[in-house]
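Shown next: data.pdb, containing PDB, C-alpha atoms.
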ATOM      1  CA  MET O  59     -21.233  18.932   6.354
ATOM      2  CA  THR O  60     -24.057  18.323   3.880
ATOM      3  CA  ARG O  61     -23.927  18.945   0.169
ATOM      4  CA  THR O  62     -26.033  18.380  -2.921
ATOM      5  CA  MET O  63     -24.920  16.099  -5.758
ATOM      6  CA  PRO O  64     -21.642  17.342  -7.300
ATOM      7  CA  THR O  65     -21.992  19.607 -10.330
ATOM      8  CA  PRO O  66     -19.520  21.446 -12.585
ATOM      9  CA  ASP O  67     -20.296  24.599 -10.590
ATOM     10  CA  SER O  68     -19.831  22.824  -7.248
ATOM     11  CA  PRO O  69     -17.509  19.896  -7.924
ATOM     12  CA  LEU O  70     -16.498  17.144  -5.515
ATOM     13  CA  LYS O  71     -12.841  17.838  -4.759
ATOM     14  CA  ILE O  72     -10.702  14.703  -4.763
ATOM     15  CA  GLY O  73      -7.359  14.981  -2.978
ATOM     16  CA  THR O  74      -4.390  12.838  -3.945
ATOM     17  CA  ARG O  75      -0.642  12.758  -4.268
ATOM     18  CA  GLY O  76       0.634  14.117  -7.564
ATOM     19  CA  SER O  77       2.442  11.097  -9.004
ATOM     20  CA  PRO O  78       1.104   9.531 -12.220
ATOM     21  CA  LEU O  79      -0.030   6.472 -10.251
ATOM     22  CA  ALA O  80      -1.776   8.523  -7.549
ATOM     23  CA  LEU O  81      -3.546  10.558 -10.227
ATOM     24  CA  ALA O  82      -4.618   7.362 -12.010
ATOM     25  CA  GLN O  83      -6.136   6.135  -8.736
ATOM     26  CA  ALA O  84      -7.959   9.436  -8.238
ATOM     27  CA  HIS O  85      -9.285   9.283 -11.798
ATOM     28  CA  GLU O  86     -10.517   5.722 -11.239
ATOM     29  CA  THR O  87     -12.362   6.913  -8.129
ATOM     30  CA  ARG O  88     -13.856   9.851 -10.038
ATOM     31  CA  ASP O  89     -14.946   7.631 -12.923
ATOM     32  CA  ARG O  90     -16.604   5.077 -10.627
ATOM     33  CA  ILE O  91     -18.620   7.737  -8.789
ATOM     34  CA  ALA O  92     -19.515   9.438 -12.073
ATOM     35  CA  ALA O  93     -20.748   6.145 -13.529
ATOM     36  CA  ALA O  94     -22.724   5.241 -10.407
ATOM     37  CA  PHE O  95     -24.648   8.536 -10.455
ATOM     38  CA  ASP O  96     -24.502   9.409 -14.173
ATOM     39  CA  LEU O  97     -22.438  12.527 -13.507
ATOM     40  CA  PRO O  98     -20.102  14.326 -15.935
ATOM     41  CA  GLN O  99     -16.357  14.370 -15.236
ATOM     42  CA  GLU O 100     -16.680  18.142 -14.851
ATOM     43  CA  ALA O 101     -18.564  17.500 -11.594
ATOM     44  CA  PHE O 102     -15.233  16.502 -10.048
ATOM     45  CA  GLU O 103     -11.954  18.275  -9.427
ATOM     46  CA  VAL O 104      -8.753  16.335  -8.755
ATOM     47  CA  VAL O 105      -6.474  18.264  -6.378
ATOM     48  CA  ALA O 106      -2.827  17.142  -6.318
ATOM     49  CA  ILE O 107      -1.123  17.675  -2.962
ATOM     50  CA  LYS O 108       2.615  17.241  -2.431
ATOM     51  CA  THR O 109       3.408  15.304   0.736
ATOM     52  CA  THR O 110       6.579  15.202   2.795
ATOM     53  CA  GLY O 111       7.251  11.713   1.462
ATOM     54  CA  ASP O 112       7.152  13.085  -2.091
ATOM     55  CA  ARG O 113       9.482  15.986  -1.317
ATOM     56  CA  VAL O 114      12.228  14.141   0.581
ATOM     57  CA  LEU O 115      13.680  11.596  -1.832
ATOM     58  CA  ASP O 116      17.296  11.350  -0.672
ATOM     59  CA  ARG O 117      16.618   9.511   2.599
ATOM     60  CA  ALA O 118      14.978   6.211   3.552
ATOM     61  CA  LEU O 119      11.366   6.434   4.730
ATOM     62  CA  LYS O 120      12.251   5.016   8.156
ATOM     63  CA  GLU O 121      14.624   7.954   8.665
ATOM     64  CA  ILE O 122      12.008  10.651   8.046
ATOM     65  CA  GLY O 123       8.925   9.374   9.808
ATOM     66  CA  GLY O 124       7.185   6.403   8.233
ATOM     67  CA  LYS O 125       3.835   5.958   6.508
ATOM     68  CA  GLY O 126       2.199   9.197   7.628
ATOM     69  CA  LEU O 127       4.626  11.019   5.351
ATOM     70  CA  PHE O 128       2.380  10.159   2.386
ATOM     71  CA  THR O 129      -0.901  11.131   4.035
ATOM     72  CA  LYS O 130      -0.411  13.997   6.525
ATOM     73  CA  GLU O 131      -0.759  16.963   4.164
ATOM     74  CA  ILE O 132      -3.665  15.345   2.314
ATOM     75  CA  GLU O 133      -5.509  14.656   5.551
ATOM     76  CA  GLU O 134      -4.921  18.241   6.707
ATOM     77  CA  ALA O 135      -6.513  19.469   3.464
ATOM     78  CA  LEU O 136      -9.465  17.137   4.056
ATOM     79  CA  LEU O 137      -9.977  18.354   7.611
ATOM     80  CA  SER O 138      -9.797  22.008   6.530
ATOM     81  CA  GLY O 139     -12.385  21.513   3.775
ATOM     82  CA  GLU O 140      -9.929  22.197   0.959
ATOM     83  CA  ILE O 141     -10.869  18.788  -0.460
ATOM     84  CA  ASP O 142     -13.930  16.566   0.042
ATOM     85  CA  ILE O 143     -12.378  13.100  -0.155
ATOM     86  CA  ALA O 144      -8.828  11.724  -0.161
ATOM     87  CA  VAL O 145      -7.702   8.803  -2.322
ATOM     88  CA  HIS O 146      -4.888   6.657  -0.929
ATOM     89  CA  SER O 147      -2.904   3.533  -1.722
ATOM     90  CA  MET O 148      -3.844   1.342   1.238
ATOM     91  CA  LYS O 149      -0.317   0.067   1.694
ATOM     92  CA  ASP O 150       0.663   3.669   2.581
ATOM     93  CA  MET O 151      -2.034   4.105   5.223
ATOM     94  CA  PRO O 152      -1.392   4.111   8.982
ATOM     95  CA  VAL O 153      -3.747   1.842  10.909
ATOM     96  CA  GLU O 154      -5.407   4.787  12.666
ATOM     97  CA  GLN O 155      -6.935   7.898  11.126
ATOM     98  CA  PRO O 156      -6.828  11.415  12.651
ATOM     99  CA  PRO O 157      -9.861  12.510  14.699
ATOM    100  CA  GLY O 158     -12.581  13.771  12.381
ATOM    101  CA  LEU O 159     -11.717  11.453   9.494
ATOM    102  CA  VAL O 160     -12.955   7.998   8.548
ATOM    103  CA  LEU O 161     -11.587   5.466   6.074
ATOM    104  CA  ASP O 162     -14.399   3.076   5.158
ATOM    105  CA  THR O 163     -14.534   2.899   1.366
ATOM    106  CA  TYR O 164     -12.396   0.621  -0.815
ATOM    107  CA  LEU O 165     -12.355   0.036  -4.548
ATOM    108  CA  PRO O 166     -12.096  -3.516  -5.935
ATOM    109  CA  ARG O 167      -8.608  -4.793  -5.244
ATOM    110  CA  GLU O 168      -6.098  -5.103  -8.067
ATOM    111  CA  ASP O 169      -3.292  -7.678  -8.440
ATOM    112  CA  VAL O 170      -1.615  -7.980  -5.024
ATOM    113  CA  ARG O 171       1.708  -9.320  -6.293
ATOM    114  CA  ASP O 172       5.079  -7.611  -6.496
ATOM    115  CA  ALA O 173       6.637  -7.141  -9.919
ATOM    116  CA  PHE O 174      10.241  -8.112 -10.538
ATOM    117  CA  VAL O 175      11.709  -5.579 -12.957
ATOM    118  CA  SER O 176      15.104  -6.166 -14.513
ATOM    119  CA  PRO O 177      16.816  -5.533 -17.847
ATOM    120  CA  VAL O 178      19.346  -8.220 -16.949
ATOM    121  CA  VAL O 179      17.467 -11.411 -16.016
ATOM    122  CA  ALA O 180      13.937 -12.770 -16.305
ATOM    123  CA  ARG O 181      13.472 -14.020 -12.738
ATOM    124  CA  LEU O 182      14.671 -13.135  -9.265
ATOM    125  CA  THR O 183      16.201 -16.600  -8.867
ATOM    126  CA  GLU O 184      18.460 -15.839 -11.864
ATOM    127  CA  MET O 185      20.115 -12.795 -10.252
ATOM    128  CA  PRO O 186      23.907 -13.295 -10.230
ATOM    129  CA  GLN O 187      25.766 -13.699  -6.949
ATOM    130  CA  GLY O 188      26.510 -10.303  -5.370
ATOM    131  CA  ALA O 189      24.305  -8.370  -7.795
ATOM    132  CA  VAL O 190      22.755  -5.030  -6.783
ATOM    133  CA  ALA O 191      18.996  -4.708  -6.189
ATOM    134  CA  GLY O 192      17.229  -1.386  -5.634
ATOM    135  CA  THR O 193      14.222  -0.809  -3.376
ATOM    136  CA  SER O 194      12.921   1.798  -0.932
ATOM    137  CA  SER O 195      10.721  -0.787   0.818
ATOM    138  CA  LEU O 196      12.011  -2.149   4.106
ATOM    139  CA  ARG O 197       9.728  -5.148   3.624
ATOM    140  CA  ARG O 198      11.146  -5.982   0.209
ATOM    141  CA  ARG O 199      14.703  -5.367   1.401
ATOM    142  CA  SER O 200      14.242  -7.737   4.339
ATOM    143  CA  GLN O 201      12.543 -10.422   2.260
ATOM    144  CA  LEU O 202      15.202 -10.183  -0.428
ATOM    145  CA  LEU O 203      18.087 -10.457   2.010
ATOM    146  CA  ASN O 204      16.375 -13.357   3.779
ATOM    147  CA  ALA O 205      16.124 -15.266   0.499
ATOM    148  CA  ARG O 206      19.365 -14.014  -1.074
ATOM    149  CA  PRO O 207      21.821 -12.716   1.557
ATOM    150  CA  ASP O 208      24.514 -12.513  -1.138
ATOM    151  CA  LEU O 209      22.766  -9.610  -2.883
ATOM    152  CA  GLN O 210      23.524  -5.936  -2.280
ATOM    153  CA  VAL O 211      20.483  -3.730  -1.711
ATOM    154  CA  VAL O 212      20.564   0.014  -2.406
ATOM    155  CA  GLU O 213      17.948   2.701  -1.693
ATOM    156  CA  PHE O 214      15.519   3.377  -4.578
ATOM    157  CA  ARG O 215      13.157   6.252  -3.665
ATOM    158  CA  GLY O 216      10.737   8.008  -5.996
ATOM    159  CA  ASN O 217       7.710   7.244  -8.141
ATOM    160  CA  VAL O 218       7.528   4.474 -10.725
ATOM    161  CA  GLN O 219       9.087   6.580 -13.465
ATOM    162  CA  THR O 220      11.961   7.736 -11.227
ATOM    163  CA  ARG O 221      12.796   4.196 -10.197
ATOM    164  CA  LEU O 222      12.723   2.959 -13.775
ATOM    165  CA  LYS O 223      15.163   5.714 -14.766
ATOM    166  CA  LYS O 224      17.539   4.622 -11.978
ATOM    167  CA  LEU O 225      17.328   1.091 -13.336
ATOM    168  CA  ALA O 226      18.086   2.340 -16.856
ATOM    169  CA  ASP O 227      21.072   4.253 -15.454
ATOM    170  CA  ASP O 228      22.505   0.980 -14.087
ATOM    171  CA  VAL O 229      22.204   2.003 -10.442
ATOM    172  CA  ALA O 230      20.962  -1.555  -9.844
ATOM    173  CA  ALA O 231      20.333  -4.740 -11.798
ATOM    174  CA  CYS O 232      16.721  -5.051 -10.642
ATOM    175  CA  THR O 233      13.985  -3.362  -8.683
ATOM    176  CA  PHE O 234      10.493  -4.204  -7.442
ATOM    177  CA  LEU O 235       7.173  -2.464  -8.051
ATOM    178  CA  ALA O 236       3.566  -3.343  -7.310
ATOM    179  CA  MET O 237       1.813  -5.135 -10.168
ATOM    180  CA  ALA O 238      -1.328  -3.175  -9.246
ATOM    181  CA  GLY O 239       0.386   0.124  -9.941
ATOM    182  CA  LEU O 240       1.819  -1.073 -13.233
ATOM    183  CA  ASN O 241      -1.610  -2.359 -14.302
ATOM    184  CA  ARG O 242      -3.261   0.958 -13.434
ATOM    185  CA  LEU O 243      -0.630   2.826 -15.444
ATOM    186  CA  GLY O 244      -0.886   0.465 -18.421
ATOM    187  CA  MET O 245       2.734  -0.546 -17.846
ATOM    188  CA  ALA O 246       2.452  -4.230 -16.899
ATOM    189  CA  HIS O 247       4.759  -5.070 -19.790
ATOM    190  CA  ILE O 248       7.806  -3.694 -17.967
ATOM    191  CA  ALA O 249       7.651  -6.464 -15.360
ATOM    192  CA  ALA O 250      10.022  -9.336 -16.112
ATOM    193  CA  CYS O 251       7.621 -11.441 -14.031
ATOM    194  CA  ALA O 252       5.129 -11.200 -11.187
ATOM    195  CA  LEU O 253       6.324 -12.684  -7.885
ATOM    196  CA  GLU O 254       3.820 -15.071  -6.336
ATOM    197  CA  PRO O 255       3.050 -14.559  -2.609
ATOM    198  CA  GLU O 256       5.014 -17.729  -1.835
ATOM    199  CA  GLU O 257       8.115 -16.012  -3.240
ATOM    200  CA  MET O 258       7.513 -12.496  -1.860
ATOM    201  CA  LEU O 259       4.528 -11.949   0.433
ATOM    202  CA  PRO O 260       3.048  -8.516  -0.393
ATOM    203  CA  ALA O 261       2.605  -5.478   1.798
ATOM    204  CA  ILE O 262      -0.527  -5.104   3.906
ATOM    205  CA  GLY O 263      -3.188  -3.549   1.680
ATOM    206  CA  GLN O 264      -1.170  -3.855  -1.521
ATOM    207  CA  GLY O 265      -3.297  -3.404  -4.630
ATOM    208  CA  ALA O 266      -6.148  -1.697  -2.749
ATOM    209  CA  ILE O 267      -7.341   1.912  -3.014
ATOM    210  CA  GLY O 268      -8.926   3.487   0.063
ATOM    211  CA  ILE O 269     -11.046   6.639   0.161
ATOM    212  CA  GLU O 270     -11.079   8.828   3.257
ATOM    213  CA  ARG O 271     -13.774  11.371   4.156
ATOM    214  CA  ARG O 272     -14.803  13.634   7.009
ATOM    215  CA  THR O 273     -16.767  12.034   9.831
ATOM    216  CA  GLY O 274     -20.397  13.159   9.658
ATOM    217  CA  ASP O 275     -20.346  14.042   5.967
ATOM    218  CA  SER O 276     -23.375  11.881   5.203
ATOM    219  CA  THR O 277     -23.872  13.061   1.630
ATOM    220  CA  THR O 278     -20.327  12.149   0.632
ATOM    221  CA  ALA O 279     -20.682   8.884   2.539
ATOM    222  CA  ALA O 280     -23.701   8.037   0.365
ATOM    223  CA  LEU O 281     -21.714   8.746  -2.805
ATOM    224  CA  LEU O 282     -18.910   6.495  -1.637
ATOM    225  CA  GLU O 283     -21.172   3.662  -0.523
ATOM    226  CA  ALA O 284     -22.182   3.223  -4.154
ATOM    227  CA  ILE O 285     -18.608   2.302  -5.151
ATOM    228  CA  HIS O 286     -17.527   0.447  -2.002
ATOM    229  CA  ASP O 287     -16.226  -3.106  -2.492
ATOM    230  CA  HIS O 288     -17.191  -5.273   0.483
ATOM    231  CA  THR O 289     -14.882  -8.148  -0.457
ATOM    232  CA  THR O 290     -11.849  -5.873  -0.350
ATOM    233  CA  ALA O 291     -13.051  -4.512   3.001
ATOM    234  CA  GLN O 292     -13.255  -8.018   4.458
ATOM    235  CA  ARG O 293      -9.716  -8.814   3.369
ATOM    236  CA  LEU O 294      -8.303  -5.515   4.620
ATOM    237  CA  ALA O 295     -10.010  -5.897   7.997
ATOM    238  CA  ALA O 296      -7.885  -8.978   8.662
ATOM    239  CA  GLU O 297      -4.675  -7.559   7.212
ATOM    240  CA  ARG O 298      -4.899  -4.221   9.010
ATOM    241  CA  ALA O 299      -5.766  -5.885  12.330
ATOM    242  CA  PHE O 300      -2.613  -7.959  11.889
ATOM    243  CA  LEU O 301      -0.618  -4.803  11.134
ATOM    244  CA  ALA O 302      -2.080  -2.952  14.125
ATOM    245  CA  GLY O 303      -1.218  -5.852  16.417
ATOM    246  CA  LEU O 304       2.403  -5.588  15.319
ATOM    247  CA  ASP O 305       2.563  -1.788  15.709
ATOM    248  CA  GLY O 306       3.281  -1.640  12.004
ATOM    249  CA  SER O 307       4.846   1.314  10.185
ATOM    250  CA  CYS O 308       7.456   1.962   7.526
ATOM    251  CA  GLU O 309      10.027   1.070  10.187
ATOM    252  CA  THR O 310       8.551  -2.423  10.339
ATOM    253  CA  PRO O 311       9.395  -5.318   7.980
ATOM    254  CA  ILE O 312       5.892  -6.848   7.869
ATOM    255  CA  ALA O 313       4.005  -8.599   5.081
ATOM    256  CA  GLY O 314       0.521 -10.047   4.992
ATOM    257  CA  LEU O 315      -2.176 -11.213   2.637
ATOM    258  CA  ALA O 316      -5.801 -12.208   3.235
ATOM    259  CA  GLU O 317      -7.679 -14.222   0.616
ATOM    260  CA  LEU O 318     -11.277 -15.453   0.512
ATOM    261  CA  ASP O 319     -12.538 -18.895  -0.459
ATOM    262  CA  GLY O 320     -16.281 -19.207  -0.004
ATOM    263  CA  GLY O 321     -16.985 -18.331   3.615
ATOM    264  CA  THR O 322     -13.383 -18.827   4.709
ATOM    265  CA  LEU O 323     -10.628 -16.236   5.021
ATOM    266  CA  ARG O 324      -7.010 -17.346   4.765
ATOM    267  CA  LEU O 325      -4.388 -15.025   6.251
ATOM    268  CA  ARG O 326      -0.673 -15.325   5.709
ATOM    269  CA  GLY O 327       1.633 -13.046   7.663
ATOM    270  CA  GLU O 328       5.319 -12.636   8.346
ATOM    271  CA  VAL O 329       7.743 -10.472  10.280
ATOM    272  CA  LEU O 330      11.436 -10.144   9.522
ATOM    273  CA  ARG O 331      14.520  -8.525  10.914
ATOM    274  CA  PRO O 332      15.516  -5.516   8.787
ATOM    275  CA  ASP O 333      18.698  -7.282   7.710
ATOM    276  CA  GLY O 334      16.757 -10.378   6.671
ATOM    277  CA  SER O 335      18.615 -12.604   9.124
ATOM    278  CA  GLU O 336      15.442 -13.909  10.772
ATOM    279  CA  ARG O 337      11.876 -14.536   9.575
ATOM    280  CA  HIS O 338       8.715 -15.688  11.352
ATOM    281  CA  PHE O 339       5.710 -16.794   9.286
ATOM    282  CA  GLU O 340       2.124 -17.903   9.985
ATOM    283  CA  ASP O 341      -0.646 -19.230   7.712
ATOM    284  CA  LYS O 342      -4.114 -19.592   9.287
ATOM    285  CA  SER O 343      -7.759 -19.645   8.233
ATOM    286  CA  ALA O 344     -11.039 -18.644   9.896
ATOM    287  CA  PRO O 345     -14.618 -17.719   8.977
ATOM    288  CA  ILE O 346     -14.699 -14.387   7.114
ATOM    289  CA  GLU O 347     -16.554 -12.644   9.948
ATOM    290  CA  ASP O 348     -13.671 -13.538  12.297
ATOM    291  CA  GLY O 349     -10.996 -12.069   9.997
ATOM    292  CA  ALA O 350     -10.041  -9.137  12.223
ATOM    293  CA  GLU O 351      -9.764 -11.382  15.264
ATOM    294  CA  LEU O 352      -7.609 -13.779  13.241
ATOM    295  CA  GLY O 353      -5.321 -10.880  12.336
ATOM    296  CA  ARG O 354      -4.935  -9.822  15.960
ATOM    297  CA  ALA O 355      -4.326 -13.403  17.098
ATOM    298  CA  MET O 356      -1.718 -13.984  14.401
ATOM    299  CA  ALA O 357       0.107 -10.817  15.402
ATOM    300  CA  ALA O 358       0.206 -11.983  19.022
ATOM    301  CA  VAL O 359       1.576 -15.380  17.990
ATOM    302  CA  LEU O 360       4.352 -13.876  15.892
ATOM    303  CA  LEU O 361       5.291 -11.330  18.554
ATOM    304  CA  ALA O 362       5.562 -14.080  21.144
ATOM    305  CA  ARG O 363       7.556 -16.336  18.841
ATOM    306  CA  ALA O 364       9.955 -13.594  17.754
ATOM    307  CA  GLY O 365      10.614 -12.423  21.308
ATOM    308  CA  PRO O 366      10.785  -8.968  22.895
ATOM    309  CA  ASP O 367      14.062  -7.974  21.232
ATOM    310  CA  PHE O 368      13.059  -8.830  17.659
ATOM    311  CA  PHE O 369      12.028  -5.281  16.751
ATOM    312  CA  TYR O 370      13.901  -2.441  18.382
ATOM    313  CA  TRP O 371      10.746  -0.377  19.165
ATOM    314  CA  HIS O 372       9.630  -3.115  21.571
ATOM    315  CA  ASN O 373      12.869  -2.880  23.576
TER     316      ASN O 373
END
Transcribe the structure of this file into structure tokens.
Amino acid sequence: MTRTMPTPDSPLKIGTRGSPLALAQAHETRDRIAAAFDLPQEAFEVVAIKTTGDRVLDRALKEIGGKGLFTKEIEEALLSGEIDIAVHSMKDMPVEQPPGLVLDTYLPREDVRDAFVSPVVARLTEMPQGAVAGTSSLRRRSQLLNARPDLQVVEFRGNVQTRLKKLADDVAACTFLAMAGLNRLGMAHIAACALEPEEMLPAIGQGAIGIERRTGDSTTAALLEAIHDHTTAQRLAAERAFLAGLDGSCETPIAGLAELDGGTLRLRGEVLRPDGSERHFEDKSAPIEDGAELGRAMAAVLLARAGPDFFYWHN
């Protein structure tokens, strides 16, 4: 599909989930393209699409299908031409895209850390014995129980505002959010503290926004190239190769973080049992151009070390 530059009469349609955070990410994408090409905001239309993951809030993600729950309906709208691009949180994205779609544009990455949010204590280490923590993330649940097996962990589904309300209603003494999301919403102040990667290694792609388009849409590809952040792409190449090597999904307690230092890429990765009873961790470095290969190699090492029965889908 070819198109001229977006105009108010023929706007670029940006598809996204409808949460305040998803809309903030779509608006950031719109504003970056508008600034790059000196276009008015009226040359863009943000289209909110409700996904299965947004509709089903009373069950854990692993029970209803995994990461594709937050992308399927948006990708269907992209394939049908209802929207022109789709804006995603990269930590929600499966490692493979549907035929006809390509994910090759990333905005500059935000803070990758997890936020510890609690009205009770200032730090995770100060949580009382047996206290209740709330999270919908299997990764965070596993990491928490590995570090603090005395804690009780309850399911916390919903957007940022929903989870904060549950916290205010005393459903739990603490919860965890992404610092990137809080920063984008102007809500960083609600975090009691940010958890360093050494304390809680983040999700693959955390803090990064990815933009998906139709294969062959060269005009849209040119628009997106103007806002693409190559540093973020280099980091995600390693992290997502690691995830792919582990067959990662929302049923998988996996964490990973790639960081750059000059021409070197450092990748930290871990896999855990869902109950937190076992953890395997690796920390390796390689030249940046070998990042994806490093990710695949690290996945192979951790799979071999954990053994064939570590994750049930490998049984």
Requested in this report: Just say which residues the PyMOL selection byres ((chain O and resi 216-231) around 10) picks in this file, as a ChimeraX atom specification.
Outcome: /O:76-80,111-116,175-179,185-186,189-194,210-215,232-236,239-240,243,245,248
Resulting file, chosen residues, C-alpha atoms, as a PDB file, keeping the file's coordinate frame:
ATOM      1  CA  GLY O  76       0.634  14.117  -7.564  1.00  0.00           C
ATOM      2  CA  SER O  77       2.442  11.097  -9.004  1.00  0.00           C
ATOM      3  CA  PRO O  78       1.104   9.531 -12.220  1.00  0.00           C
ATOM      4  CA  LEU O  79      -0.030   6.472 -10.251  1.00  0.00           C
ATOM      5  CA  ALA O  80      -1.776   8.523  -7.549  1.00  0.00           C
ATOM      6  CA  GLY O 111       7.251  11.713   1.462  1.00  0.00           C
ATOM      7  CA  ASP O 112       7.152  13.085  -2.091  1.00  0.00           C
ATOM      8  CA  ARG O 113       9.482  15.986  -1.317  1.00  0.00           C
ATOM      9  CA  VAL O 114      12.228  14.141   0.581  1.00  0.00           C
ATOM     10  CA  LEU O 115      13.680  11.596  -1.832  1.00  0.00           C
ATOM     11  CA  ASP O 116      17.296  11.350  -0.672  1.00  0.00           C
ATOM     12  CA  VAL O 175      11.709  -5.579 -12.957  1.00  0.00           C
ATOM     13  CA  SER O 176      15.104  -6.166 -14.513  1.00  0.00           C
ATOM     14  CA  PRO O 177      16.816  -5.533 -17.847  1.00  0.00           C
ATOM     15  CA  VAL O 178      19.346  -8.220 -16.949  1.00  0.00           C
ATOM     16  CA  VAL O 179      17.467 -11.411 -16.016  1.00  0.00           C
ATOM     17  CA  MET O 185      20.115 -12.795 -10.252  1.00  0.00           C
ATOM     18  CA  PRO O 186      23.907 -13.295 -10.230  1.00  0.00           C
ATOM     19  CA  ALA O 189      24.305  -8.370  -7.795  1.00  0.00           C
ATOM     20  CA  VAL O 190      22.755  -5.030  -6.783  1.00  0.00           C
ATOM     21  CA  ALA O 191      18.996  -4.708  -6.189  1.00  0.00           C
ATOM     22  CA  GLY O 192      17.229  -1.386  -5.634  1.00  0.00           C
ATOM     23  CA  THR O 193      14.222  -0.809  -3.376  1.00  0.00           C
ATOM     24  CA  SER O 194      12.921   1.798  -0.932  1.00  0.00           C
ATOM     25  CA  GLN O 210      23.524  -5.936  -2.280  1.00  0.00           C
ATOM     26  CA  VAL O 211      20.483  -3.730  -1.711  1.00  0.00           C
ATOM     27  CA  VAL O 212      20.564   0.014  -2.406  1.00  0.00           C
ATOM     28  CA  GLU O 213      17.948   2.701  -1.693  1.00  0.00           C
ATOM     29  CA  PHE O 214      15.519   3.377  -4.578  1.00  0.00           C
ATOM     30  CA  ARG O 215      13.157   6.252  -3.665  1.00  0.00           C
ATOM     31  CA  CYS O 232      16.721  -5.051 -10.642  1.00  0.00           C
ATOM     32  CA  THR O 233      13.985  -3.362  -8.683  1.00  0.00           C
ATOM     33  CA  PHE O 234      10.493  -4.204  -7.442  1.00  0.00           C
ATOM     34  CA  LEU O 235       7.173  -2.464  -8.051  1.00  0.00           C
ATOM     35  CA  ALA O 236       3.566  -3.343  -7.310  1.00  0.00           C
ATOM     36  CA  GLY O 239       0.386   0.124  -9.941  1.00  0.00           C
ATOM     37  CA  LEU O 240       1.819  -1.073 -13.233  1.00  0.00           C
ATOM     38  CA  LEU O 243      -0.630   2.826 -15.444  1.00  0.00           C
ATOM     39  CA  MET O 245       2.734  -0.546 -17.846  1.00  0.00           C
ATOM     40  CA  ILE O 248       7.806  -3.694 -17.967  1.00  0.00           C
TER      41      ILE O 248
END
Query - Between atom CA of Leu196 of chain O and atom CA of Val329 of chain O, distance in Å (one decimal) - result: 11.2 Å
Requested in this report: Tell me, as a PyMOL selection string, which residues lie within 10 Å of segment 338-351 of chain O, counting only C-alpha atoms; anything in the same chain fewer than 5 positions away does not count.
Outcome: chain O and resi 289+292-300+312-331+356-357+359-361+363-364
Report task. Show which residues sit within 12 Å of Thr87 of chain O, as a PyMOL selection string. Count only C-alpha atoms, and ignore same-chain residues fewer than 2 positions away. Result -> chain O and resi 70-74+80-85+89-94+99+102-104+143-147+163-166+266-270+281-282+284-286
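Comparing the minimum interatomic distances between Met151 of chain O and each of O:Gly244, O:Pro207, O:Gly263, O:Pro64, counting all atoms listed in the file, we find that O:Gly263 sits nearest.
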Query raised in the report: Using all atoms listed in the file, which of the listed residues (O:Arg271, O:Arg171, O:Arg242, O:Arg197) sits closest to Leu137 of chain O?
Result: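 Counting all atoms listed in the file, the residue closest to Leu137 of chain O is O:Arg271.
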Query raised in the report: atom CA of Ala280 of chain O and atom CA of Gly158 of chain O, how far apart in Å?
Result: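 Answer for the atom CA of Gly158 of chain O to atom CA of Ala280 of chain O separation: 17.3 Å.
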Query raised in the report: Quick one: of O:Leu159, O:Ile262, O:Leu209, O:Leu253, who's nearest to Leu301 of chain O, counting only C-alpha atoms?
Result: O:Ile262
Query raised in the report: Given the choices O:Glu257, O:Glu140, O:Ser195, O:Glu283, which gets closest to Phe95 of chain O if the distance is worked out from all atoms listed in the file?
Result: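 Of the candidates, the smallest distance to Phe95 of chain O is held by O:Glu283.
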Report summary line: Using all atoms listed in the file, the best pick from O:Arg354, O:His288, O:Arg337, O:Arg272 as closest to Pro157 of chain O would be O:Arg272
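With atom CA of Asp169 of chain O on one side and atom CA of Pro98 of chain O on the other, the separation reads 28.7 Å.
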How big is the axis-aligned box around the listed atoms of segment 233-240 of chain O once 3 Å is added on each side, and where is its centre? Give both in Å to one decimal, as lines of an AutoDock Vina configuration file.
center_x = 6.3
center_y = -2.5
center_z = -10.3
size_x = 21.3
size_y = 11.3
size_z = 11.9
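Minimum atom-to-atom distance to Arg199 of chain O, evaluated using all atoms listed in the file, belongs to O:Gly334 out of O:Thr310, O:Gln264, O:Gly334, O:Met258.
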